[in-house]
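Visitor: Got a file for you: run-v6.cif, mmCIF, C-alpha atoms.
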```cif
data_entry
loop_
_atom_site.label_atom_id
_atom_site.label_comp_id
_atom_site.auth_asym_id
_atom_site.auth_seq_id
_atom_site.Cartn_x
_atom_site.Cartn_y
_atom_site.Cartn_z
CA MET A 207 33.25 0.94 -57.84
CA LYS A 208 30.85 -0.34 -55.23
CA LYS A 209 28.85 2.15 -53.30
CA ARG A 210 29.22 1.81 -49.61
CA GLY A 211 25.84 0.99 -48.08
CA ARG A 212 24.40 3.21 -45.40
CA LYS A 213 25.03 1.81 -42.01
CA SER A 214 21.81 0.73 -40.31
CA LYS A 215 20.96 2.43 -37.08
CA LYS A 216 20.89 0.60 -33.82
CA PRO A 217 17.49 0.09 -32.13
CA GLU A 218 18.47 2.55 -29.41
CA GLU A 219 19.28 5.24 -31.99
CA LYS A 220 15.96 4.69 -33.73
CA ARG A 221 14.10 5.10 -30.45
CA ASP A 222 15.97 8.34 -29.80
CA GLU A 223 15.15 9.62 -33.30
CA TYR A 224 11.40 9.05 -32.90
CA ASP A 225 11.19 10.14 -29.28
CA PRO A 226 8.81 13.15 -29.26
CA CYS A 227 10.24 14.27 -25.93
CA SER A 228 13.67 14.83 -27.48
CA ILE A 229 12.61 18.32 -28.63
CA LEU A 230 11.67 19.41 -25.11
CA PRO A 231 14.07 21.65 -23.18
CA LEU A 232 16.26 19.86 -20.65
CA GLU A 233 14.79 21.91 -17.80
CA LEU A 234 11.27 20.71 -18.66
CA LYS A 235 12.40 17.08 -18.90
CA THR A 236 14.00 17.38 -15.50
CA GLU A 237 10.80 18.77 -14.01
CA ILE A 238 8.85 15.87 -15.51
CA LEU A 239 11.25 13.32 -14.06
CA LEU A 240 11.11 14.86 -10.59
CA LYS A 241 7.34 14.31 -10.53
CA LEU A 242 7.68 10.56 -11.19
CA LEU A 243 8.05 7.78 -8.61
CA PRO A 244 11.55 6.25 -8.27
CA LYS A 245 10.58 2.97 -9.93
CA SER A 246 9.14 4.85 -12.93
CA ILE A 247 12.34 6.87 -13.32
CA ALA A 248 14.43 3.67 -13.15
CA ARG A 249 12.31 2.06 -15.88
CA LEU A 250 12.43 5.16 -18.06
CA GLY A 251 16.21 4.96 -18.05
CA PHE A 252 15.94 1.91 -20.33
CA VAL A 253 13.60 3.48 -22.89
CA SER A 254 16.35 5.23 -24.87
CA ASN A 255 19.94 6.42 -24.67
CA HIS A 256 18.63 9.96 -24.51
CA TRP A 257 16.61 9.40 -21.31
CA SER A 258 19.37 7.21 -19.88
CA SER A 259 21.96 9.98 -20.28
CA ILE A 260 19.72 12.41 -18.37
CA ILE A 261 18.65 10.05 -15.59
CA ARG A 262 22.14 8.65 -14.95
CA GLY A 263 23.81 12.01 -15.40
CA GLN A 264 25.48 13.59 -12.40
CA ASP A 265 23.39 16.78 -12.56
CA PHE A 266 20.05 14.97 -12.29
CA THR A 267 21.43 12.53 -9.70
CA ASN A 268 22.59 15.40 -7.46
CA LEU A 269 19.31 17.26 -7.93
CA TYR A 270 17.20 14.20 -7.12
CA MET A 271 19.30 13.33 -4.07
CA SER A 272 19.12 16.90 -2.74
CA ARG A 273 15.34 16.81 -2.98
CA SER A 274 15.14 13.37 -1.34
CA LEU A 275 17.40 14.44 1.53
CA ALA A 276 15.04 17.36 2.18
CA GLN A 277 12.04 14.99 2.23
CA PRO A 278 13.05 11.97 4.36
CA ARG A 279 10.56 9.14 4.69
CA LEU A 280 9.57 6.46 7.16
CA LEU A 281 10.22 2.96 5.83
CA PHE A 282 8.40 -0.13 7.07
CA SER A 283 9.68 -3.67 6.48
CA VAL A 284 6.75 -6.08 6.82
CA TYR A 285 6.90 -9.88 7.01
CA ARG A 286 3.79 -12.04 6.69
CA PRO A 287 4.71 -15.63 7.59
CA ASN A 288 1.38 -17.13 6.54
CA MET A 289 1.92 -15.77 2.99
CA GLN A 290 5.73 -16.20 2.95
CA MET A 291 5.95 -12.60 1.80
CA GLN A 292 7.93 -9.52 2.75
CA PHE A 293 7.26 -6.03 1.48
CA PHE A 294 8.22 -2.42 2.08
CA HIS A 295 5.85 0.42 2.79
CA SER A 296 6.89 4.07 3.07
CA CYS A 297 5.26 7.36 3.99
CA SER A 298 6.19 10.97 4.62
CA GLN A 299 8.28 11.36 7.78
CA GLU A 300 7.05 14.90 8.35
CA ASP A 301 3.40 13.81 8.11
CA PRO A 302 3.18 9.99 8.51
CA SER A 303 -0.51 10.02 7.62
CA SER A 304 0.21 11.07 4.02
CA ASP A 305 1.96 9.99 0.80
CA HIS A 306 1.92 6.22 1.28
CA ARG A 307 3.72 3.87 -1.14
CA ARG A 308 4.22 0.12 -1.19
CA VAL A 309 6.65 -2.23 -2.94
CA SER A 310 6.17 -6.01 -2.66
CA TYR A 311 8.74 -8.69 -3.35
CA THR A 312 8.86 -12.47 -3.11
CA LEU A 313 11.72 -14.40 -1.54
CA SER A 314 12.53 -18.02 -0.76
CA SER A 315 9.64 -19.47 1.20
CA ASP A 316 11.87 -20.56 4.10
CA LEU A 317 13.70 -17.23 4.52
CA ARG A 318 12.94 -14.11 6.50
CA TYR A 319 15.55 -11.42 5.98
CA TRP A 320 16.50 -9.06 8.80
CA PHE A 321 17.23 -5.60 7.46
CA SER A 322 19.70 -2.97 8.63
CA PRO A 323 18.65 0.71 8.55
CA PRO A 324 18.69 2.04 4.96
CA MET A 325 21.57 4.21 3.75
CA GLY A 326 21.62 6.48 0.70
CA GLY A 327 18.52 4.84 -0.78
CA LEU A 328 19.74 1.24 -0.38
CA ILE A 329 19.02 -1.38 2.27
CA PHE A 330 20.87 -4.53 3.35
CA GLY A 331 19.21 -7.75 4.46
CA ARG A 332 20.63 -10.96 5.87
CA LYS A 333 19.38 -14.40 6.91
CA GLY A 334 22.18 -16.53 8.29
CA THR A 335 25.00 -16.42 5.75
CA LYS A 336 22.69 -15.33 2.91
CA ALA A 337 22.71 -11.60 2.16
CA ILE A 338 20.91 -9.26 -0.24
CA ILE A 339 21.14 -5.60 -1.15
CA GLY A 340 18.38 -3.60 -2.78
CA ASN A 341 16.52 -0.40 -3.45
CA PRO A 342 13.23 -0.46 -1.50
CA SER A 343 11.90 2.46 -3.58
CA THR A 344 12.12 0.55 -6.87
CA GLY A 345 11.80 -3.00 -5.56
CA GLN A 346 15.02 -4.29 -7.12
CA PHE A 347 17.20 -6.66 -5.05
CA VAL A 348 20.35 -8.64 -5.80
CA SER A 349 22.14 -11.39 -3.90
CA LEU A 350 25.57 -10.87 -2.36
CA PRO A 351 28.19 -13.60 -1.85
CA ARG A 352 27.51 -15.69 1.24
CA VAL A 353 29.21 -14.65 4.46
CA LYS A 354 32.35 -16.75 4.92
CA THR A 355 31.77 -18.50 8.23
CA GLN A 356 30.50 -21.75 9.75
CA ARG A 357 29.26 -20.03 12.89
CA LYS A 358 25.65 -19.06 13.56
CA ASP A 359 26.02 -15.99 15.78
CA ILE A 360 26.42 -13.31 13.11
CA PHE A 361 26.12 -9.54 13.46
CA SER A 362 26.11 -7.21 10.45
CA ILE A 363 25.87 -3.44 9.82
CA PHE A 364 25.38 -1.60 6.55
CA GLY A 365 26.92 1.82 5.90
CA TYR A 366 28.15 4.40 3.42
CA ASP A 367 31.69 5.79 3.16
CA PRO A 368 31.40 9.40 1.89
CA VAL A 369 35.20 9.81 1.60
CA ASN A 370 35.59 7.09 -1.04
CA ASP A 371 31.96 7.08 -2.22
CA LEU A 372 31.43 3.41 -1.37
CA TYR A 373 28.81 1.26 0.34
CA LYS A 374 30.13 -1.36 2.76
CA VAL A 375 28.85 -4.14 5.02
CA LEU A 376 30.62 -5.04 8.28
CA CYS A 377 30.02 -8.57 9.52
CA MET A 378 31.19 -10.21 12.76
CA THR A 379 30.89 -13.73 14.12
CA VAL A 380 31.45 -15.15 17.61
CA ILE A 381 33.31 -18.13 19.02
CA THR A 382 32.85 -19.32 22.62
CA LYS A 383 36.02 -20.51 24.34
CA ARG A 384 35.82 -22.97 27.22
CA GLY A 385 37.59 -21.90 30.37
CA SER A 386 39.07 -23.94 33.16
CA GLN A 387 37.29 -27.20 34.03
CA ALA A 388 38.21 -26.78 37.72
CA PHE A 389 35.50 -24.86 39.53
CA LYS A 390 36.67 -21.71 41.30
CA TRP A 391 34.47 -18.93 42.62
CA GLU A 392 36.90 -16.30 41.41
CA ASP A 393 37.09 -17.72 37.86
CA PRO A 394 34.09 -18.23 35.57
CA MET A 395 33.65 -21.73 34.17
CA TRP A 396 33.04 -20.19 30.75
CA GLU A 397 35.04 -17.34 29.37
CA GLU A 398 33.21 -14.41 27.82
CA PRO A 399 32.47 -15.20 24.13
CA MET A 400 34.33 -12.79 21.86
CA SER A 401 33.95 -11.58 18.30
CA GLU A 402 36.63 -13.52 16.49
CA GLU A 403 35.92 -13.03 12.78
CA HIS A 404 35.59 -9.51 11.36
CA GLN A 405 34.74 -9.22 7.68
CA VAL A 406 33.86 -6.37 5.35
CA PHE A 407 32.23 -6.39 1.93
CA THR A 408 32.57 -3.41 -0.44
CA LEU A 409 29.85 -3.07 -3.05
CA GLY A 410 31.56 -3.11 -6.41
CA PRO A 411 32.64 -5.36 -9.29
CA LYS A 412 34.21 -8.73 -8.41
CA GLN A 413 34.24 -7.97 -4.68
CA LYS A 414 34.48 -10.62 -1.96
CA TRP A 415 34.27 -10.69 1.83
CA ARG A 416 37.62 -9.56 3.28
CA MET A 417 38.90 -10.50 6.73
CA LEU A 418 39.91 -7.61 9.01
CA GLU A 419 42.07 -7.40 12.12
CA CYS A 420 40.56 -5.88 15.25
CA HIS A 421 42.87 -4.93 18.14
CA TYR A 422 39.97 -4.58 20.62
CA LEU A 423 38.85 -7.93 21.98
CA HIS A 424 35.10 -7.41 22.35
CA ARG A 425 31.76 -9.17 22.12
CA HIS A 426 29.10 -7.56 19.97
CA HIS A 427 25.48 -7.64 21.10
CA SER A 428 23.83 -9.65 18.33
CA GLY A 429 20.34 -8.68 19.47
CA SER A 430 21.03 -4.96 19.04
CA GLN A 431 21.13 -2.78 15.94
CA GLY A 432 24.07 -0.85 14.57
CA ILE A 433 23.88 2.68 13.15
CA CYS A 434 25.89 4.44 10.44
CA ARG A 435 26.58 8.15 10.80
CA ASP A 436 28.98 10.30 8.72
CA GLY A 437 30.95 7.31 7.46
CA VAL A 438 31.29 5.62 10.87
CA LEU A 439 29.48 2.50 12.10
CA TYR A 440 28.41 2.42 15.75
CA TYR A 441 27.35 -0.63 17.77
CA LEU A 442 27.19 -1.74 21.41
CA ALA A 443 29.56 -4.40 22.70
CA SER A 444 31.17 -5.82 25.84
CA PHE A 445 34.77 -4.62 26.22
CA LYS A 446 36.87 -5.38 29.32
CA ASP A 447 33.78 -6.56 31.21
CA LYS A 448 31.90 -3.31 30.54
CA ARG A 449 29.34 -2.32 27.99
CA SER A 450 30.97 0.05 25.51
CA LEU A 451 30.33 1.82 22.23
CA MET A 452 32.36 0.34 19.38
CA THR A 453 33.07 2.33 16.22
CA PHE A 454 34.27 1.28 12.78
CA ASP A 455 35.55 3.90 10.35
CA LEU A 456 34.38 2.87 6.87
CA SER A 457 37.18 4.82 5.17
CA SER A 458 40.21 3.67 7.17
CA GLU A 459 38.54 0.38 8.25
CA ASP A 460 39.82 0.91 11.80
CA PHE A 461 38.00 -0.11 14.99
CA ASN A 462 37.82 2.03 18.11
CA VAL A 463 36.03 2.00 21.44
CA ALA A 464 34.32 4.69 23.55
CA LYS A 465 33.25 4.52 27.18
CA LEU A 466 29.60 4.75 28.14
CA PRO A 467 28.28 6.84 31.05
CA GLU A 468 28.42 5.13 34.45
CA ASP A 469 24.71 4.44 34.67
CA TYR A 470 23.43 1.03 35.77
CA THR A 471 20.26 1.07 33.68
CA LEU A 472 22.16 2.17 30.59
CA GLN A 473 24.80 -0.51 31.08
CA GLN A 474 22.23 -3.25 31.50
CA PHE A 475 19.30 -2.33 29.27
CA GLY A 476 20.23 0.53 26.93
CA TYR A 477 20.03 0.18 23.16
CA LEU A 478 21.33 2.29 20.29
CA VAL A 479 19.05 4.76 18.45
CA ASN A 480 19.23 7.71 16.08
CA TYR A 481 18.27 10.87 17.95
CA SER A 482 17.77 13.78 15.52
CA GLY A 483 20.91 12.85 13.58
CA LYS A 484 22.98 12.04 16.68
CA ILE A 485 23.99 8.71 18.17
CA ALA A 486 22.09 8.03 21.38
CA ILE A 487 21.34 5.23 23.81
CA VAL A 488 17.83 4.92 25.19
CA THR A 489 16.78 3.26 28.43
CA GLN A 490 13.15 2.83 29.37
CA ALA A 491 10.68 0.87 31.45
CA TYR A 492 7.15 -0.28 30.55
CA SER A 493 5.93 3.16 31.59
CA GLY A 494 7.31 6.24 33.28
CA PRO A 495 10.59 8.01 32.44
CA MET A 496 12.61 7.35 29.31
CA ASP A 497 16.25 8.42 29.38
CA LEU A 498 18.19 9.30 26.26
CA TRP A 499 21.96 9.50 26.52
CA VAL A 500 23.13 11.56 23.52
CA LEU A 501 26.71 11.35 22.22
CA GLU A 502 27.76 14.99 21.77
CA ASP A 503 31.47 14.42 21.01
CA ALA A 504 32.77 10.93 20.26
CA SER A 505 36.46 11.91 20.47
CA LYS A 506 36.00 13.37 23.97
CA GLU A 507 33.41 10.75 25.02
CA GLU A 508 31.00 13.53 25.99
CA TRP A 509 27.38 12.54 26.66
CA SER A 510 24.29 14.55 27.56
CA LYS A 511 21.10 13.22 29.13
CA VAL A 512 17.58 13.93 27.94
CA ALA A 513 14.62 12.64 29.93
CA ALA A 514 11.05 12.22 28.73
CA VAL A 515 8.06 10.95 30.70
CA ILE A 516 6.01 8.53 28.63
CA PRO A 517 2.27 8.50 29.41
CA SER A 518 0.35 5.38 30.34
CA ILE A 519 0.05 3.20 27.25
CA THR A 520 -3.11 1.62 28.63
CA ASP A 521 -4.87 4.99 28.48
CA ILE A 522 -3.98 5.37 24.79
CA VAL A 523 -4.39 1.92 23.27
CA GLY A 524 -6.70 0.29 25.81
CA ASN A 525 -4.31 -2.46 26.92
CA ASP A 526 -0.86 -2.80 28.43
CA GLN A 527 1.85 -3.23 25.76
CA ILE A 528 5.60 -2.75 25.57
CA VAL A 529 6.65 0.43 23.80
CA ILE A 530 10.02 0.90 22.10
CA PHE A 531 11.64 4.21 21.20
CA SER A 532 12.03 4.27 17.41
CA GLY A 533 13.12 7.81 16.59
CA ILE A 534 12.37 11.53 16.50
CA LEU A 535 10.21 13.37 13.95
CA PRO A 536 11.22 16.84 12.67
CA THR A 537 8.42 18.19 14.86
CA GLY A 538 10.26 16.93 17.96
CA GLU A 539 7.71 14.18 18.54
CA ILE A 540 8.99 10.81 19.76
CA ILE A 541 7.86 7.79 17.77
CA LEU A 542 7.03 4.75 19.87
CA ALA A 543 6.57 1.29 18.35
CA LEU A 544 4.46 -1.31 20.16
CA LEU A 545 5.26 -4.94 20.94
CA PRO A 546 3.73 -7.20 19.92
CA THR A 547 2.75 -5.67 16.55
CA PRO A 548 -0.74 -4.14 16.87
CA LYS A 549 -3.63 -5.93 15.21
CA PRO A 550 -4.96 -4.36 11.99
CA PRO A 551 -4.90 -1.56 11.29
CA PHE A 552 -1.22 -1.17 12.19
CA PHE A 553 -0.31 1.98 14.10
CA PHE A 554 2.45 3.59 16.13
CA LEU A 555 2.45 6.41 18.65
CA CYS A 556 3.75 9.96 18.31
CA TYR A 557 4.45 11.55 21.68
CA ASP A 558 5.09 15.27 22.10
CA PRO A 559 7.27 15.72 25.23
CA LYS A 560 6.55 19.48 25.34
CA GLU A 561 2.78 19.26 25.14
CA LYS A 562 2.83 15.91 26.96
CA ASN A 563 0.28 14.29 24.74
CA ALA A 564 0.33 11.33 22.38
CA ARG A 565 -1.48 10.49 19.16
CA LYS A 566 -1.96 7.31 17.15
CA VAL A 567 -0.76 7.23 13.55
CA VAL A 568 -2.54 4.52 11.57
CA ILE A 569 -0.80 2.92 8.58
CA GLU A 570 -3.39 1.09 6.49
CA GLY A 571 -2.63 -2.03 4.50
CA ILE A 572 0.44 -3.42 6.28
CA GLY A 573 -0.83 -5.04 9.46
CA GLU A 574 -2.42 -8.39 10.19
CA ASP A 575 -2.51 -10.65 13.22
CA SER A 576 0.72 -12.47 12.38
CA ALA A 577 2.64 -9.67 10.63
CA ALA A 578 6.02 -8.50 11.96
CA VAL A 579 6.80 -4.84 11.25
CA ASN A 580 10.11 -2.93 11.56
CA VAL A 581 10.22 0.86 11.29
CA PHE A 582 13.20 2.77 9.85
CA PHE A 583 13.78 6.53 9.87
CA ASP A 584 15.34 9.03 7.49
CA HIS A 585 14.92 6.84 4.43
CA VAL A 586 16.08 8.69 1.32
CA GLU A 587 14.33 7.69 -1.89
CA SER A 588 16.54 6.86 -4.86
CA HIS A 589 16.08 5.85 -8.50
CA MET A 590 19.36 3.92 -8.33
CA VAL A 591 19.60 0.71 -10.37
CA LEU A 592 21.90 -2.14 -9.29
CA SER A 593 24.06 -4.14 -11.66
CA LYS A 594 23.97 -7.93 -11.53
CA ASP A 595 27.61 -8.01 -12.59
CA TYR A 596 28.60 -6.81 -9.11
CA TYR A 597 27.14 -9.75 -7.27
CA ALA A 598 27.15 -13.47 -6.90
CA ASN A 599 23.74 -14.53 -8.16
CA ASP A 600 20.81 -13.43 -10.26
CA PHE A 601 18.28 -10.89 -9.12
CA THR A 602 15.77 -11.73 -6.46
CA LYS A 603 12.39 -11.69 -8.18
CA VAL A 604 10.66 -8.47 -7.30
CA THR A 605 7.22 -7.22 -8.21
CA SER A 606 5.94 -3.69 -7.97
CA SER A 607 2.52 -2.69 -9.30
CA GLY A 608 2.54 -5.75 -11.57
CA PHE A 609 5.97 -5.04 -13.06
CA VAL A 610 8.62 -7.78 -12.74
CA TRP A 611 12.25 -6.66 -12.66
CA THR A 612 13.86 -9.62 -14.40
CA SER A 613 15.88 -8.17 -17.28
CA PHE A 614 18.03 -5.49 -15.63
CA GLY A 615 21.10 -7.70 -15.37
CA CYS A 616 22.08 -7.57 -19.05
CA LEU A 617 21.31 -3.88 -19.47
CA ILE A 618 22.62 -1.98 -16.50
CA LEU A 619 25.61 0.34 -16.77
CA PHE A 620 25.42 1.81 -13.27
CA ILE A 621 28.67 2.04 -11.30
CA PHE A 622 28.45 2.61 -7.54
CA GLY A 623 31.42 4.91 -7.50
CA GLU A 624 29.78 7.31 -9.94
CA LYS A 625 27.03 8.37 -7.56
CA LYS A 626 27.68 10.81 -4.78
CA ARG A 627 25.92 10.14 -1.50
CA VAL A 628 25.60 11.78 1.88
CA GLY A 629 26.07 9.47 4.90
#
```
Written as C-alpha cells, how would this file's structure read?

Guide:
Amino acid sequence: MKKRGRKSKKPEEKRDEYDPCSILPLELKTEILLKLLPKSIARLGFVSNHWSSIIRGQDFTNLYMSRSLAQPRLLFSVYRPNMQMQFFHSCSQEDPSSDHRRVSYTLSSDLRYWFSPPMGGLIFGRKGTKAIIGNPSTGQFVSLPRVKTQRKDIFSIFGYDPVNDLYKVLCMTVITKRGSQAFKWEDPMWEEPMSEEHQVFTLGPKQKWRMLECHYLHRHHSGSQGICRDGVLYYLASFKDKRSLMTFDLSSEDFNVAKLPEDYTLQQFGYLVNYSGKIAIVTQAYSGPMDLWVLEDASKEEWSKVAAVIPSITDIVGNDQIVIFSGILPTGEIILALLPTPKPPFFFLCYDPKEKNARKVVIEGIGEDSAAVNVFFDHVESHMVLSKDYYANDFTKVTSSGFVWTSFGCLILFIFGEKKRVG
C-alpha cells in the first residue's frame, strides 16, 4: 500500500509560518499598521495571507477610515508641462505647514488630466474621453473605459453613494442646435446649447458607461466644478434661461433642480464651493467683499448669506493677483488660492475673517514657474487597492519613493462593495 505523500505547502502558507509577527497580539499589529503610511500598508497586504486578512478585514478598514475622517488633509494636484509630469502632494488640513507627503506618477506625455475633488480616498481624472481612477495616497491608478461620445464639450463629476456603497462618475456632453436662419430681434440666431448625453459609470467588475434620461433640459457650465455631498452631486447649470443648481442623486440616479437666490452677481459670476461641509456659491471681486451663499435646506431652497471682506492682496504678496476662494479650515480661516500660480516657493493665503488678518502658508517642493496647482479639501487618506479586473486597461505606471506599482493586477482581491465609506 502506497503511503500518501505530504502535501507541499503553498508559498503564501510558508510565509505565514515563518512570519515572526504572527505571534504578536492583534491589537499590537493594528497599532503598528496605524503608524504606517497608506502606501506601506497597501504593500504589506501582499506579504502574506495573514497580513492581508488583517489589512483587508472590515474591522481594520473601519478603524483606519474613522481615523482618516478625523484627520482630513489638503491635497494638491501639480502639473509640470516642461517635465510632462503630474504628482500629488498632501499636508495636514488643520496645520498646512506640517506633515507633508508626495506621490509622483508618470502619464502619457501629451496628456494632462483634470481631477475632480477626491471622495473616500479615491480621485477621478479625465482628459477628453480618457478617464482614470486612483488612490493619491498610494500612487496607484487604473484606466477606465473611454467616455462614449464624439463631442468635445464634456463635464464630469465623481461621487460616492453611501446607500449602495458604490463609487460613480456622472458625465455629460453638449450639442449646439442651430436656430432659425431668419434674423429676428426677438429670437436668437442660435439656440442655447443643452446637455444632451447623460452617462454614468459605476466602479465595479465588467461595468460600462450607461446612458441616463434627464427630464430637465439644461446646460451645464463646463468651466465650473461639481461637488458631491451625502450621496448627491451638485453642479451649476442654465435652466429655463436662469442659472440654477442641478442635483443628481447617486442612489436613485434622478436629476433635480433648485433655484438660486435672485442676486445679479451670483447669477453671473458665482461658482460652487464646499463651505464647512455645506454646499455654497461664492461671488467675489479682485478685492473687497466676498459673498458666500450657503445652501441650508435643499428641499426648501433655503439660502443664507455670509459676507467676508478680503484685504488688499498687494499688501500681502507685493503685487496685484487674482484670488480664488478654495475652502474653509477647521479654524474658520478662509483659504485663498492665487492666479496665476505663485513662483517658487508655492504658497496660498489663510484669512481669518474674525481677526481680519491673513497669513501665507508656504508649500515647499511643488511650485515652479510653469507649474499648475489645484487644491482640494477634506481629502481622506486610504490604503485601498484597486483591481485591474474592474477596468478597461492596465495600470498607469506609478512611482512612489522608488517603488513601481506594476504587479497589482494579478494579485488583488479587493471588491469595492466590501468597503464602507462616508460621503

Visitor: Evaluate the PyMOL selection byres ((chain A and resi 564-570) around 10) on the structure here and hand back the selected residues as a CSV table (one decimal) with C-alpha atoms, in the coordinates of the input.

Guide:
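Once everything was written out, this is result.csv:
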```csv
chain,number,residue,atom,x,y,z
A,282,PHE,CA,8.4,-0.1,7.1
A,295,HIS,CA,5.8,0.4,2.8
A,296,SER,CA,6.9,4.1,3.1
A,297,CYS,CA,5.3,7.4,4.0
A,301,ASP,CA,3.4,13.8,8.1
A,302,PRO,CA,3.2,10.0,8.5
A,303,SER,CA,-0.5,10.0,7.6
A,304,SER,CA,0.2,11.1,4.0
A,306,HIS,CA,1.9,6.2,1.3
A,516,ILE,CA,6.0,8.5,28.6
A,517,PRO,CA,2.3,8.5,29.4
A,518,SER,CA,0.4,5.4,30.3
A,519,ILE,CA,0.0,3.2,27.2
A,522,ILE,CA,-4.0,5.4,24.8
A,523,VAL,CA,-4.4,1.9,23.3
A,539,GLU,CA,7.7,14.2,18.5
A,540,ILE,CA,9.0,10.8,19.8
A,541,ILE,CA,7.9,7.8,17.8
A,542,LEU,CA,7.0,4.8,19.9
A,550,PRO,CA,-5.0,-4.4,12.0
A,551,PRO,CA,-4.9,-1.6,11.3
A,552,PHE,CA,-1.2,-1.2,12.2
A,553,PHE,CA,-0.3,2.0,14.1
A,554,PHE,CA,2.4,3.6,16.1
A,555,LEU,CA,2.4,6.4,18.6
A,556,CYS,CA,3.8,10.0,18.3
A,557,TYR,CA,4.4,11.6,21.7
A,558,ASP,CA,5.1,15.3,22.1
A,559,PRO,CA,7.3,15.7,25.2
A,561,GLU,CA,2.8,19.3,25.1
A,562,LYS,CA,2.8,15.9,27.0
A,563,ASN,CA,0.3,14.3,24.7
A,571,GLY,CA,-2.6,-2.0,4.5
A,572,ILE,CA,0.4,-3.4,6.3
A,573,GLY,CA,-0.8,-5.0,9.5
```

Visitor: Using only C-alpha atoms, can you tell me which of A:Pro411, A:Gly326, A:Gly345, A:Gly476 comes closest to Tyr441 in chain A?

Guide: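 Distance minimum relative to Tyr441 in chain A lands on A:Gly476.
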
Visitor: Expressed in Å to a single decimal, how great is the separation between CA of Met378 in chain A and CA of Ser450 in chain A?

Guide: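 Interatomic distance here is 16.4 Å.
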
Visitor: So the first atom is CA of Pro231 in chain A and the second is CA of Asn268 in chain A; what is the distance between them in Å, to one decimal place?

Guide: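 Computed distance, CA of Pro231 in chain A to CA of Asn268 in chain A, equals 18.9 Å.
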
Visitor: Enumerate, as number ranges by chain, the residues matched when the PyMOL selection byres ((chain A and resi 460-462) around 9) is run on the file above.

Guide: A: 418-422, 451-459, 463-464

Visitor: Which value, in Å to one decimal, gives the distance between CA of Val353 in chain A and CA of Trp415 in chain A?

Guide: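 Rounded to one decimal, the two atoms are 6.9 Å apart.
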
Visitor: Check the smallest atom-to-atom distance from each of A:Ala337, A:Met325, A:Val253, A:Ile260 to Leu239 in chain A using all atoms listed in the file, then report the winner.

Guide: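 With all atoms listed in the file as the atom set, the closest residue is A:Ile260.
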
Visitor: For a quick check of understanding, using only C-alpha atoms, which of A:Gln527, A:Ser322, A:Gln405, A:Thr267 has the smallest distance to Thr379 in chain A?

Guide: A:Gln405

Visitor: Tell me which protein, DNA and RNA residues are within 12 Å of Lys448 in chain A, counting all atoms listed in the file, leaving out same-chain ones fewer than 5 positions away, and put them as a list in words.

Guide: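 In the requested form, the answer reads Glu398, Leu423, His424, Arg425, His426, Leu442, Ala443, Val463, Ala464, Lys465, Leu466, Pro467, Glu468, Asp469, Tyr470, Leu472, Gln473 and Gln474 of chain A.
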
Visitor: Just checking: using only C-alpha atoms, which residue out of A:Thr236, A:Thr547, A:Gln292, A:Asn580 ends up closest to Ser532 in chain A?

Guide: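 Once distances to Ser532 in chain A are computed over only C-alpha atoms, the minimum belongs to A:Asn580.
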
Visitor: What would the selection look like, as an mmCIF file with C-alpha atoms, in the frame of the given file, if the PyMOL selection byres ((chain A and resi 270) around 12) were run on the coordinates I just shared?

Guide:
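Saved file expr.cif follows:
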```cif
data_model
loop_
_atom_site.group_PDB
_atom_site.id
_atom_site.type_symbol
_atom_site.label_atom_id
_atom_site.label_comp_id
_atom_site.auth_asym_id
_atom_site.auth_seq_id
_atom_site.Cartn_x
_atom_site.Cartn_y
_atom_site.Cartn_z
ATOM 1 C CA THR A 236 14.000 17.380 -15.500
ATOM 2 C CA GLU A 237 10.800 18.770 -14.010
ATOM 3 C CA ILE A 238 8.850 15.870 -15.510
ATOM 4 C CA LEU A 239 11.250 13.320 -14.060
ATOM 5 C CA LEU A 240 11.110 14.860 -10.590
ATOM 6 C CA LYS A 241 7.340 14.310 -10.530
ATOM 7 C CA LEU A 242 7.680 10.560 -11.190
ATOM 8 C CA LEU A 243 8.050 7.780 -8.610
ATOM 9 C CA PRO A 244 11.550 6.250 -8.270
ATOM 10 C CA ILE A 247 12.340 6.870 -13.320
ATOM 11 C CA ILE A 260 19.720 12.410 -18.370
ATOM 12 C CA ILE A 261 18.650 10.050 -15.590
ATOM 13 C CA ARG A 262 22.140 8.650 -14.950
ATOM 14 C CA GLY A 263 23.810 12.010 -15.400
ATOM 15 C CA GLN A 264 25.480 13.590 -12.400
ATOM 16 C CA ASP A 265 23.390 16.780 -12.560
ATOM 17 C CA PHE A 266 20.050 14.970 -12.290
ATOM 18 C CA THR A 267 21.430 12.530 -9.700
ATOM 19 C CA ASN A 268 22.590 15.400 -7.460
ATOM 20 C CA LEU A 269 19.310 17.260 -7.930
ATOM 21 C CA MET A 271 19.300 13.330 -4.070
ATOM 22 C CA SER A 272 19.120 16.900 -2.740
ATOM 23 C CA ARG A 273 15.340 16.810 -2.980
ATOM 24 C CA SER A 274 15.140 13.370 -1.340
ATOM 25 C CA LEU A 275 17.400 14.440 1.530
ATOM 26 C CA ALA A 276 15.040 17.360 2.180
ATOM 27 C CA GLN A 277 12.040 14.990 2.230
ATOM 28 C CA GLY A 326 21.620 6.480 0.700
ATOM 29 C CA GLY A 327 18.520 4.840 -0.780
ATOM 30 C CA VAL A 586 16.080 8.690 1.320
ATOM 31 C CA GLU A 587 14.330 7.690 -1.890
ATOM 32 C CA SER A 588 16.540 6.860 -4.860
ATOM 33 C CA HIS A 589 16.080 5.850 -8.500
ATOM 34 C CA MET A 590 19.360 3.920 -8.330
ATOM 35 C CA LYS A 625 27.030 8.370 -7.560
ATOM 36 C CA LYS A 626 27.680 10.810 -4.780
ATOM 37 C CA ARG A 627 25.920 10.140 -1.500
#
```

Visitor: Can you pull out the residues contacting Thr408 in chain A? Cut-off 7 Å, using only C-alpha atoms, and skip same-chain residues under 5 positions away; I want them as a PyMOL selection string.

Guide: chain A and resi 372-375+413

Visitor: Can you work out which one of A:Gly483, A:Asp371, A:Ser505, A:Gln431 has the shortest atom-to-atom distance to Leu535 in chain A, counting all atoms listed in the file?

Guide: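 Once distances to Leu535 in chain A are computed over all atoms listed in the file, the minimum belongs to A:Gly483.
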
Visitor: Could you check which of A:Ile363, A:Leu478, A:Leu350, A:Cys434 is closest to Trp320 in chain A, using only C-alpha atoms?

Guide: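 So, comparing all the options, the nearest one is A:Ile363.
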